[in-house]
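Participant: Sharing protein-v8.pdb, PDB, C-alpha atoms:
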ATOM      1  CA  MET A   1      10.647 -23.950 -34.347  1.00  0.00           C
ATOM      2  CA  MET A   2       8.395 -26.056 -32.182  1.00  0.00           C
ATOM      3  CA  THR A   3       4.843 -27.255 -32.700  1.00  0.00           C
ATOM      4  CA  ARG A   4       1.867 -26.454 -30.509  1.00  0.00           C
ATOM      5  CA  ARG A   5       1.992 -30.057 -29.266  1.00  0.00           C
ATOM      6  CA  ASP A   6       5.660 -29.690 -28.304  1.00  0.00           C
ATOM      7  CA  ALA A   7       4.825 -26.446 -26.478  1.00  0.00           C
ATOM      8  CA  ALA A   8       1.919 -28.119 -24.643  1.00  0.00           C
ATOM      9  CA  ILE A   9       4.203 -30.954 -23.534  1.00  0.00           C
ATOM     10  CA  ALA A  10       6.891 -28.521 -22.365  1.00  0.00           C
ATOM     11  CA  LEU A  11       4.314 -26.362 -20.530  1.00  0.00           C
ATOM     12  CA  ASP A  12       2.636 -29.492 -19.081  1.00  0.00           C
ATOM     13  CA  ILE A  13      -0.806 -28.501 -20.332  1.00  0.00           C
ATOM     14  CA  PRO A  14      -3.322 -30.362 -22.502  1.00  0.00           C
ATOM     15  CA  LEU A  15      -3.123 -29.700 -26.237  1.00  0.00           C
ATOM     16  CA  GLU A  16      -6.741 -28.516 -26.155  1.00  0.00           C
ATOM     17  CA  MET A  17      -5.828 -25.840 -23.596  1.00  0.00           C
ATOM     18  CA  ALA A  18      -2.909 -24.648 -25.725  1.00  0.00           C
ATOM     19  CA  LYS A  19      -5.191 -24.289 -28.724  1.00  0.00           C
ATOM     20  CA  ARG A  20      -7.996 -22.626 -26.737  1.00  0.00           C
ATOM     21  CA  HIS A  21      -5.617 -20.003 -25.360  1.00  0.00           C
ATOM     22  CA  GLY A  22      -4.129 -19.075 -28.707  1.00  0.00           C
ATOM     23  CA  ILE A  23      -0.760 -20.789 -28.724  1.00  0.00           C
ATOM     24  CA  PRO A  24       0.053 -20.813 -32.449  1.00  0.00           C
ATOM     25  CA  SER A  25       0.501 -24.044 -34.396  1.00  0.00           C
ATOM     26  CA  ARG A  26       4.232 -23.222 -34.683  1.00  0.00           C
ATOM     27  CA  LEU A  27       6.324 -20.957 -32.509  1.00  0.00           C
ATOM     28  CA  SER A  28      10.010 -20.160 -32.253  1.00  0.00           C
ATOM     29  CA  GLU A  29      12.158 -21.145 -29.294  1.00  0.00           C
ATOM     30  CA  LYS A  30      12.358 -17.429 -28.439  1.00  0.00           C
ATOM     31  CA  GLU A  31       8.546 -17.094 -28.418  1.00  0.00           C
ATOM     32  CA  PHE A  32       8.258 -20.188 -26.249  1.00  0.00           C
ATOM     33  CA  ALA A  33      10.910 -18.950 -23.817  1.00  0.00           C
ATOM     34  CA  ALA A  34       9.040 -15.639 -23.471  1.00  0.00           C
ATOM     35  CA  LEU A  35       5.730 -17.449 -22.842  1.00  0.00           C
ATOM     36  CA  ASN A  36       7.304 -19.721 -20.253  1.00  0.00           C
ATOM     37  CA  ALA A  37       9.191 -16.888 -18.531  1.00  0.00           C
ATOM     38  CA  ASN A  38       6.169 -14.555 -18.386  1.00  0.00           C
ATOM     39  CA  PRO A  39       3.163 -16.889 -18.322  1.00  0.00           C
ATOM     40  CA  PRO A  40      -0.315 -15.446 -18.871  1.00  0.00           C
ATOM     41  CA  ALA A  41      -2.852 -15.670 -16.042  1.00  0.00           C
ATOM     42  CA  TRP A  42      -4.479 -18.855 -17.406  1.00  0.00           C
ATOM     43  CA  LEU A  43      -1.108 -20.655 -17.405  1.00  0.00           C
ATOM     44  CA  VAL A  44      -0.271 -19.453 -13.898  1.00  0.00           C
ATOM     45  CA  GLN A  45      -3.676 -20.751 -12.749  1.00  0.00           C
ATOM     46  CA  SER A  46      -3.153 -24.079 -14.495  1.00  0.00           C
ATOM     47  CA  ARG A  47       0.211 -24.538 -12.810  1.00  0.00           C
ATOM     48  CA  SER A  48      -1.194 -23.629  -9.401  1.00  0.00           C
ATOM     49  CA  ASN A  49      -3.948 -26.240  -9.822  1.00  0.00           C
ATOM     50  CA  ARG A  50      -1.438 -29.086 -10.133  1.00  0.00           C
ATOM     51  CA  ARG A  51      -1.442 -31.450  -7.180  1.00  0.00           C
ATOM     52  CA  ALA A  52       1.732 -33.100  -5.995  1.00  0.00           C
ATOM     53  CA  GLY A  53       1.470 -36.795  -6.773  1.00  0.00           C
ATOM     54  CA  GLY A  54      -1.499 -36.241  -9.094  1.00  0.00           C
ATOM     55  CA  ARG A  55      -1.846 -37.791 -12.522  1.00  0.00           C
ATOM     56  CA  PRO A  56       0.546 -36.106 -14.963  1.00  0.00           C
ATOM     57  CA  VAL A  57      -0.751 -34.252 -18.015  1.00  0.00           C
ATOM     58  CA  TRP A  58       1.785 -35.980 -20.279  1.00  0.00           C
ATOM     59  CA  MET A  59       3.761 -39.196 -19.888  1.00  0.00           C
ATOM     60  CA  GLU A  60       6.852 -40.181 -21.798  1.00  0.00           C
ATOM     61  CA  LEU A  61       6.463 -43.716 -23.139  1.00  0.00           C
ATOM     62  CA  THR A  62       9.780 -45.394 -23.938  1.00  0.00           C
ATOM     63  CA  CYS A  63      10.148 -48.722 -25.721  1.00  0.00           C
ATOM     64  CA  ALA A  64      11.987 -51.155 -23.437  1.00  0.00           C
ATOM     65  CA  VAL A  65      13.571 -52.796 -26.499  1.00  0.00           C
ATOM     66  CA  CYS A  66      14.869 -49.967 -28.711  1.00  0.00           C
ATOM     67  CA  GLY A  67      14.459 -46.831 -26.606  1.00  0.00           C
ATOM     68  CA  PHE A  68      12.076 -45.058 -29.020  1.00  0.00           C
ATOM     69  CA  SER A  69       9.977 -42.630 -26.998  1.00  0.00           C
ATOM     70  CA  GLU A  70       6.967 -40.392 -27.421  1.00  0.00           C
ATOM     71  CA  TYR A  71       4.708 -38.377 -25.164  1.00  0.00           C
ATOM     72  CA  GLU A  72       1.069 -39.273 -24.660  1.00  0.00           C
ATOM     73  CA  ARG A  73      -1.755 -38.111 -22.442  1.00  0.00           C
ATOM     74  CA  PRO A  74      -2.285 -40.849 -19.816  1.00  0.00           C
ATOM     75  CA  LYS A  75      -5.751 -42.359 -19.639  1.00  0.00           C
ATOM     76  CA  LYS A  76      -7.639 -43.081 -16.441  1.00  0.00           C
ATOM     77  CA  TRP A  77      -7.775 -46.781 -17.288  1.00  0.00           C
ATOM     78  CA  TRP A  78      -3.991 -47.198 -17.570  1.00  0.00           C
ATOM     79  CA  PRO A  79      -2.489 -49.497 -14.948  1.00  0.00           C
ATOM     80  CA  ASP A  80       1.113 -49.044 -13.821  1.00  0.00           C
ATOM     81  CA  PHE A  81       2.966 -50.573 -16.763  1.00  0.00           C
ATOM     82  CA  ASP A  82       5.973 -52.772 -16.112  1.00  0.00           C
ATOM     83  CA  PHE A  83       7.145 -52.259 -19.695  1.00  0.00           C
ATOM     84  CA  VAL A  84       6.185 -50.366 -22.815  1.00  0.00           C
ATOM     85  CA  HIS A  85       7.144 -51.482 -26.308  1.00  0.00           C
ATOM     86  CA  CYS A  86       6.677 -49.951 -29.722  1.00  0.00           C
ATOM     87  CA  ALA A  87       4.860 -51.540 -32.640  1.00  0.00           C
ATOM     88  CA  GLU A  88       8.211 -52.589 -34.132  1.00  0.00           C
ATOM     89  CA  HIS A  89       8.767 -55.127 -31.353  1.00  0.00           C
ATOM     90  CA  SER A  90       6.865 -57.975 -29.764  1.00  0.00           C
ATOM     91  CA  PRO A  91       6.432 -58.762 -26.080  1.00  0.00           C
ATOM     92  CA  ALA A  92       8.763 -61.747 -26.663  1.00  0.00           C
ATOM     93  CA  GLN A  93      11.638 -59.264 -27.008  1.00  0.00           C
ATOM     94  CA  LEU A  94      11.039 -57.843 -23.519  1.00  0.00           C
ATOM     95  CA  PRO A  95      12.853 -59.035 -20.393  1.00  0.00           C
ATOM     96  CA  LYS A  96      11.908 -62.552 -19.347  1.00  0.00           C
ATOM     97  CA  LEU A  97       8.677 -63.016 -17.416  1.00  0.00           C
ATOM     98  CA  GLU A  98       9.172 -63.819 -13.729  1.00  0.00           C
ATOM     99  CA  SER A  99       8.153 -67.280 -12.617  1.00  0.00           C
ATOM    100  CA  GLY A 100       4.509 -67.511 -11.538  1.00  0.00           C
ATOM    101  CA  LYS A 101       3.391 -64.333 -13.320  1.00  0.00           C
ATOM    102  CA  ILE A 102       1.376 -63.782 -16.463  1.00  0.00           C
ATOM    103  CA  ARG A 103       1.933 -60.996 -18.973  1.00  0.00           C
ATOM    104  CA  ALA A 104      -0.980 -58.784 -20.016  1.00  0.00           C
ATOM    105  CA  GLU A 105      -0.681 -56.474 -23.022  1.00  0.00           C
ATOM    106  CA  TYR A 106      -2.647 -53.225 -23.282  1.00  0.00           C
ATOM    107  CA  GLN A 107      -3.131 -51.985 -26.815  1.00  0.00           C
ATOM    108  CA  GLY A 108      -4.105 -48.469 -27.734  1.00  0.00           C
ATOM    109  CA  ILE A 109      -2.018 -46.546 -25.224  1.00  0.00           C
ATOM    110  CA  SER A 110      -0.763 -44.525 -28.200  1.00  0.00           C
ATOM    111  CA  ALA A 111      -0.645 -44.887 -31.946  1.00  0.00           C
ATOM    112  CA  ARG A 112       2.639 -46.828 -31.777  1.00  0.00           C
ATOM    113  CA  MET A 113       2.982 -48.126 -28.218  1.00  0.00           C
ATOM    114  CA  PHE A 114       1.712 -51.043 -26.169  1.00  0.00           C
ATOM    115  CA  GLY A 115       1.740 -51.335 -22.381  1.00  0.00           C
ATOM    116  CA  ILE A 116       2.752 -54.491 -20.559  1.00  0.00           C
ATOM    117  CA  VAL A 117       1.847 -55.542 -17.024  1.00  0.00           C
ATOM    118  CA  ASP A 118       3.373 -58.624 -15.439  1.00  0.00           C
ATOM    119  CA  GLU A 119       0.969 -59.807 -12.741  1.00  0.00           C
ATOM    120  CA  LEU A 120       0.133 -62.738 -10.545  1.00  0.00           C
ATOM    121  CA  PRO A 121      -2.720 -64.885 -11.911  1.00  0.00           C
TER     122      PRO A 121
END
Show me this structure written as C-alpha coordinates.

Facilitator:
Amino acid sequence: MMTRRDAAIALDIPLEMAKRHGIPSRLSEKEFAALNANPPAWLVQSRSNRRAGGRPVWMELTCAVCGFSEYERPKKWWPDFDFVHCAEHSPAQLPKLESGKIRAEYQGISARMFGIVDELP
(Lines of atoms letter the chains of each structure in order from A and count residues from 1; the text may use other names and numbers.)
(Lines give C-alpha, C1' and ligand atoms only; values in the text may rest on other atoms or scores of the structure.)
Protein backbone atom coordinates (compact mmCIF):
# COMPACT_ATOMS: atom_id res chain seq x y z
CA MET A 1 0.00 0.00 0.00
CA MET A 2 1.07 3.56 -0.63
CA THR A 3 -0.34 6.84 0.60
CA ARG A 4 -1.73 9.63 -1.55
CA ARG A 5 1.40 11.64 -0.71
CA ASP A 6 3.65 8.80 -1.88
CA ALA A 7 1.63 8.56 -5.10
CA ALA A 8 1.89 12.34 -5.65
CA ILE A 9 5.66 12.19 -5.19
CA ALA A 10 5.98 9.24 -7.58
CA LEU A 11 3.72 10.94 -10.17
CA ASP A 12 5.55 14.27 -9.67
CA ILE A 13 2.35 16.19 -8.99
CA PRO A 14 1.32 18.39 -6.06
CA LEU A 15 -0.56 16.66 -3.25
CA GLU A 16 -3.45 19.08 -3.79
CA MET A 17 -3.77 17.93 -7.41
CA ALA A 18 -3.79 14.27 -6.36
CA LYS A 19 -6.60 14.96 -3.91
CA ARG A 20 -8.57 17.13 -6.35
CA HIS A 21 -8.49 14.41 -9.01
CA GLY A 22 -9.66 11.64 -6.73
CA ILE A 23 -6.51 9.69 -5.95
CA PRO A 24 -7.55 7.79 -2.81
CA SER A 25 -5.81 8.30 0.53
CA ARG A 26 -4.36 4.77 0.17
CA LEU A 27 -3.85 2.73 -2.96
CA SER A 28 -2.18 -0.57 -3.75
CA GLU A 29 0.97 -0.86 -5.83
CA LYS A 30 -1.19 -2.49 -8.53
CA GLU A 31 -3.62 0.47 -8.56
CA PHE A 32 -0.71 2.89 -8.75
CA ALA A 33 0.95 0.96 -11.58
CA ALA A 34 -2.33 1.04 -13.55
CA LEU A 35 -2.70 4.80 -12.98
CA ASN A 36 0.87 5.46 -14.04
CA ALA A 37 0.67 3.16 -17.08
CA ASN A 38 -2.66 4.57 -18.31
CA PRO A 39 -2.72 8.14 -17.00
CA PRO A 40 -5.97 10.11 -17.15
CA ALA A 41 -6.12 13.24 -19.32
CA TRP A 42 -5.37 15.61 -16.41
CA LEU A 43 -2.16 13.71 -15.60
CA VAL A 44 -1.08 13.64 -19.25
CA GLN A 45 -1.66 17.41 -19.39
CA SER A 46 0.27 17.97 -16.17
CA ARG A 47 3.23 16.01 -17.50
CA SER A 48 3.18 17.87 -20.81
CA ASN A 49 3.26 21.21 -18.96
CA ARG A 50 6.59 20.40 -17.30
CA ARG A 51 9.47 22.51 -18.55
CA ALA A 52 12.95 21.10 -18.82
CA GLY A 53 15.09 22.79 -16.20
CA GLY A 54 12.03 24.17 -14.39
CA ARG A 55 11.51 24.04 -10.65
CA PRO A 56 10.70 20.48 -9.58
CA VAL A 57 7.39 19.63 -7.91
CA TRP A 58 9.15 17.62 -5.19
CA MET A 59 12.72 17.66 -3.91
CA GLU A 60 14.41 14.96 -1.90
CA LEU A 61 16.13 16.50 1.12
CA THR A 62 18.90 14.32 2.55
CA CYS A 63 20.73 14.99 5.80
CA ALA A 64 24.45 15.41 5.07
CA VAL A 65 25.27 13.86 8.47
CA CYS A 66 23.11 10.73 8.79
CA GLY A 67 21.52 10.29 5.37
CA PHE A 68 17.91 10.59 6.58
CA SER A 69 15.81 11.83 3.67
CA GLU A 70 12.32 13.08 2.98
CA TYR A 71 10.52 14.73 0.09
CA GLU A 72 9.26 18.29 0.30
CA ARG A 73 7.72 20.79 -2.08
CA PRO A 74 10.42 23.39 -2.83
CA LYS A 75 9.56 26.99 -2.04
CA LYS A 76 10.29 29.94 -4.29
CA TRP A 77 12.48 31.52 -1.61
CA TRP A 78 14.84 28.53 -1.31
CA PRO A 79 18.41 29.28 -2.38
CA ASP A 80 20.63 26.50 -3.73
CA PHE A 81 21.57 24.73 -0.51
CA ASP A 82 25.13 23.53 -0.03
CA PHE A 83 23.97 21.13 2.69
CA VAL A 84 20.80 19.97 4.38
CA HIS A 85 20.70 18.55 7.89
CA CYS A 86 17.95 17.06 9.99
CA ALA A 87 16.83 18.31 13.38
CA GLU A 88 18.89 15.58 15.06
CA HIS A 89 22.14 17.25 14.02
CA SER A 90 23.71 20.68 14.26
CA PRO A 91 25.52 22.64 11.57
CA ALA A 92 28.74 21.95 13.54
CA GLN A 93 28.50 18.32 12.40
CA LEU A 94 28.59 19.31 8.72
CA PRO A 95 31.76 19.44 6.62
CA LYS A 96 34.13 22.22 7.63
CA LEU A 97 33.38 25.72 6.38
CA GLU A 98 35.75 26.94 3.66
CA SER A 99 38.06 29.77 4.59
CA GLY A 100 36.56 33.22 3.95
CA LYS A 101 32.94 32.03 3.83
CA ILE A 102 30.10 32.36 6.29
CA ARG A 103 27.42 29.75 6.92
CA ALA A 104 23.75 30.73 6.76
CA GLU A 105 21.06 28.39 8.07
CA TYR A 106 17.52 28.37 6.66
CA GLN A 107 14.92 26.99 9.02
CA GLY A 108 11.50 25.82 7.98
CA ILE A 109 12.38 24.05 4.75
CA SER A 110 10.45 21.08 6.15
CA ALA A 111 9.24 19.89 9.51
CA ARG A 112 12.57 18.19 10.26
CA MET A 113 15.15 19.72 7.91
CA PHE A 114 17.32 22.82 7.77
CA GLY A 115 19.09 24.20 4.71
CA ILE A 116 22.65 25.48 4.79
CA VAL A 117 24.32 27.90 2.39
CA ASP A 118 28.03 28.64 2.61
CA GLU A 119 28.58 32.06 1.05
CA LEU A 120 31.07 34.86 0.77
CA PRO A 121 30.38 37.75 3.19

Participant: Which of these residues is nearest to Gly115 (chain A), using all atoms listed in the file: A:Pro74, A:Pro40, A:Pro14, A:Pro56?

Facilitator: A:Pro74

Participant: With all atoms listed in the file as the atoms that count, which of A:Arg51, A:Ser90, A:Ile109, A:Thr62 lies nearest to Lys76 (chain A)?

Facilitator: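 Of A:Arg51, A:Ser90, A:Ile109, A:Thr62, the one nearest Lys76 (chain A) is A:Ile109, counting all atoms listed in the file.
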
Participant: If the PyMOL selection byres ((chain A and resi 105) around 10) is run on the structure shown, which residues does it catch, given as a VMD selection string?

Facilitator: chain A and resid 81 83 to 85 91 103 to 104 106 to 108 114 to 118

Participant: Of the candidates A:Asp12, A:Glu119, A:Glu88, A:Glu98, which shows the shortest atom-to-atom distance to Arg50 (chain A), using only C-alpha atoms?

Facilitator: A:Asp12

Participant: So, counting only C-alpha atoms, which residue among A:Ser69, A:Ser110, A:Thr3, A:Ser99 is closest to Arg26 (chain A)?

Facilitator: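 The closest residue to Arg26 (chain A) is A:Thr3.
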
Participant: Can you measure CA of Arg55 (chain A) to CA of Ala18 (chain A) for me? One decimal in Å is fine.

Facilitator: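 Interatomic distance, CA of Arg55 (chain A) to CA of Ala18 (chain A): 18.7 Å.
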
Participant: Just checking: using all atoms listed in the file, which residue out of A:Val57, A:Met2, A:Ala92, A:Cys63 ends up closest to Lys75 (chain A)?

Facilitator: A:Val57

Participant: Do you have the CA of Ala34 (chain A)-CA of Gly54 (chain A) distance handy?

Facilitator: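 Between CA of Ala34 (chain A) and CA of Gly54 (chain A) the gap works out to 27.2 Å.
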
Participant: Arg47 (chain A): which residues within 10 Å, counting all atoms listed in the file, same-chain residues fewer than 4 positions away excluded, as a PDB file with C-alpha atoms, keeping the file's coordinate frame?

Facilitator:
ATOM      1  CA  LEU A  11       4.314 -26.362 -20.530  1.00  0.00           C
ATOM      2  CA  ASP A  12       2.636 -29.492 -19.081  1.00  0.00           C
ATOM      3  CA  ILE A  13      -0.806 -28.501 -20.332  1.00  0.00           C
ATOM      4  CA  PRO A  39       3.163 -16.889 -18.322  1.00  0.00           C
ATOM      5  CA  ALA A  41      -2.852 -15.670 -16.042  1.00  0.00           C
ATOM      6  CA  TRP A  42      -4.479 -18.855 -17.406  1.00  0.00           C
ATOM      7  CA  LEU A  43      -1.108 -20.655 -17.405  1.00  0.00           C
ATOM      8  CA  ARG A  51      -1.442 -31.450  -7.180  1.00  0.00           C
TER       9      ARG A  51
END

Participant: One number please: CA of Arg4 (chain A) to CA of Gly22 (chain A), in Å, one decimal.

Facilitator: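 Taking CA of Arg4 (chain A) as the start and CA of Gly22 (chain A) as the end point, the length is 9.7 Å.
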
Participant: Can you pull out the residues contacting Leu27 (chain A)? Cut-off 10 Å, using all atoms listed in the file, and skip same-chain residues under 3 positions away; I want them as a ChimeraX atom specification.

Facilitator: /A:1-4,6-7,23-24,30-32
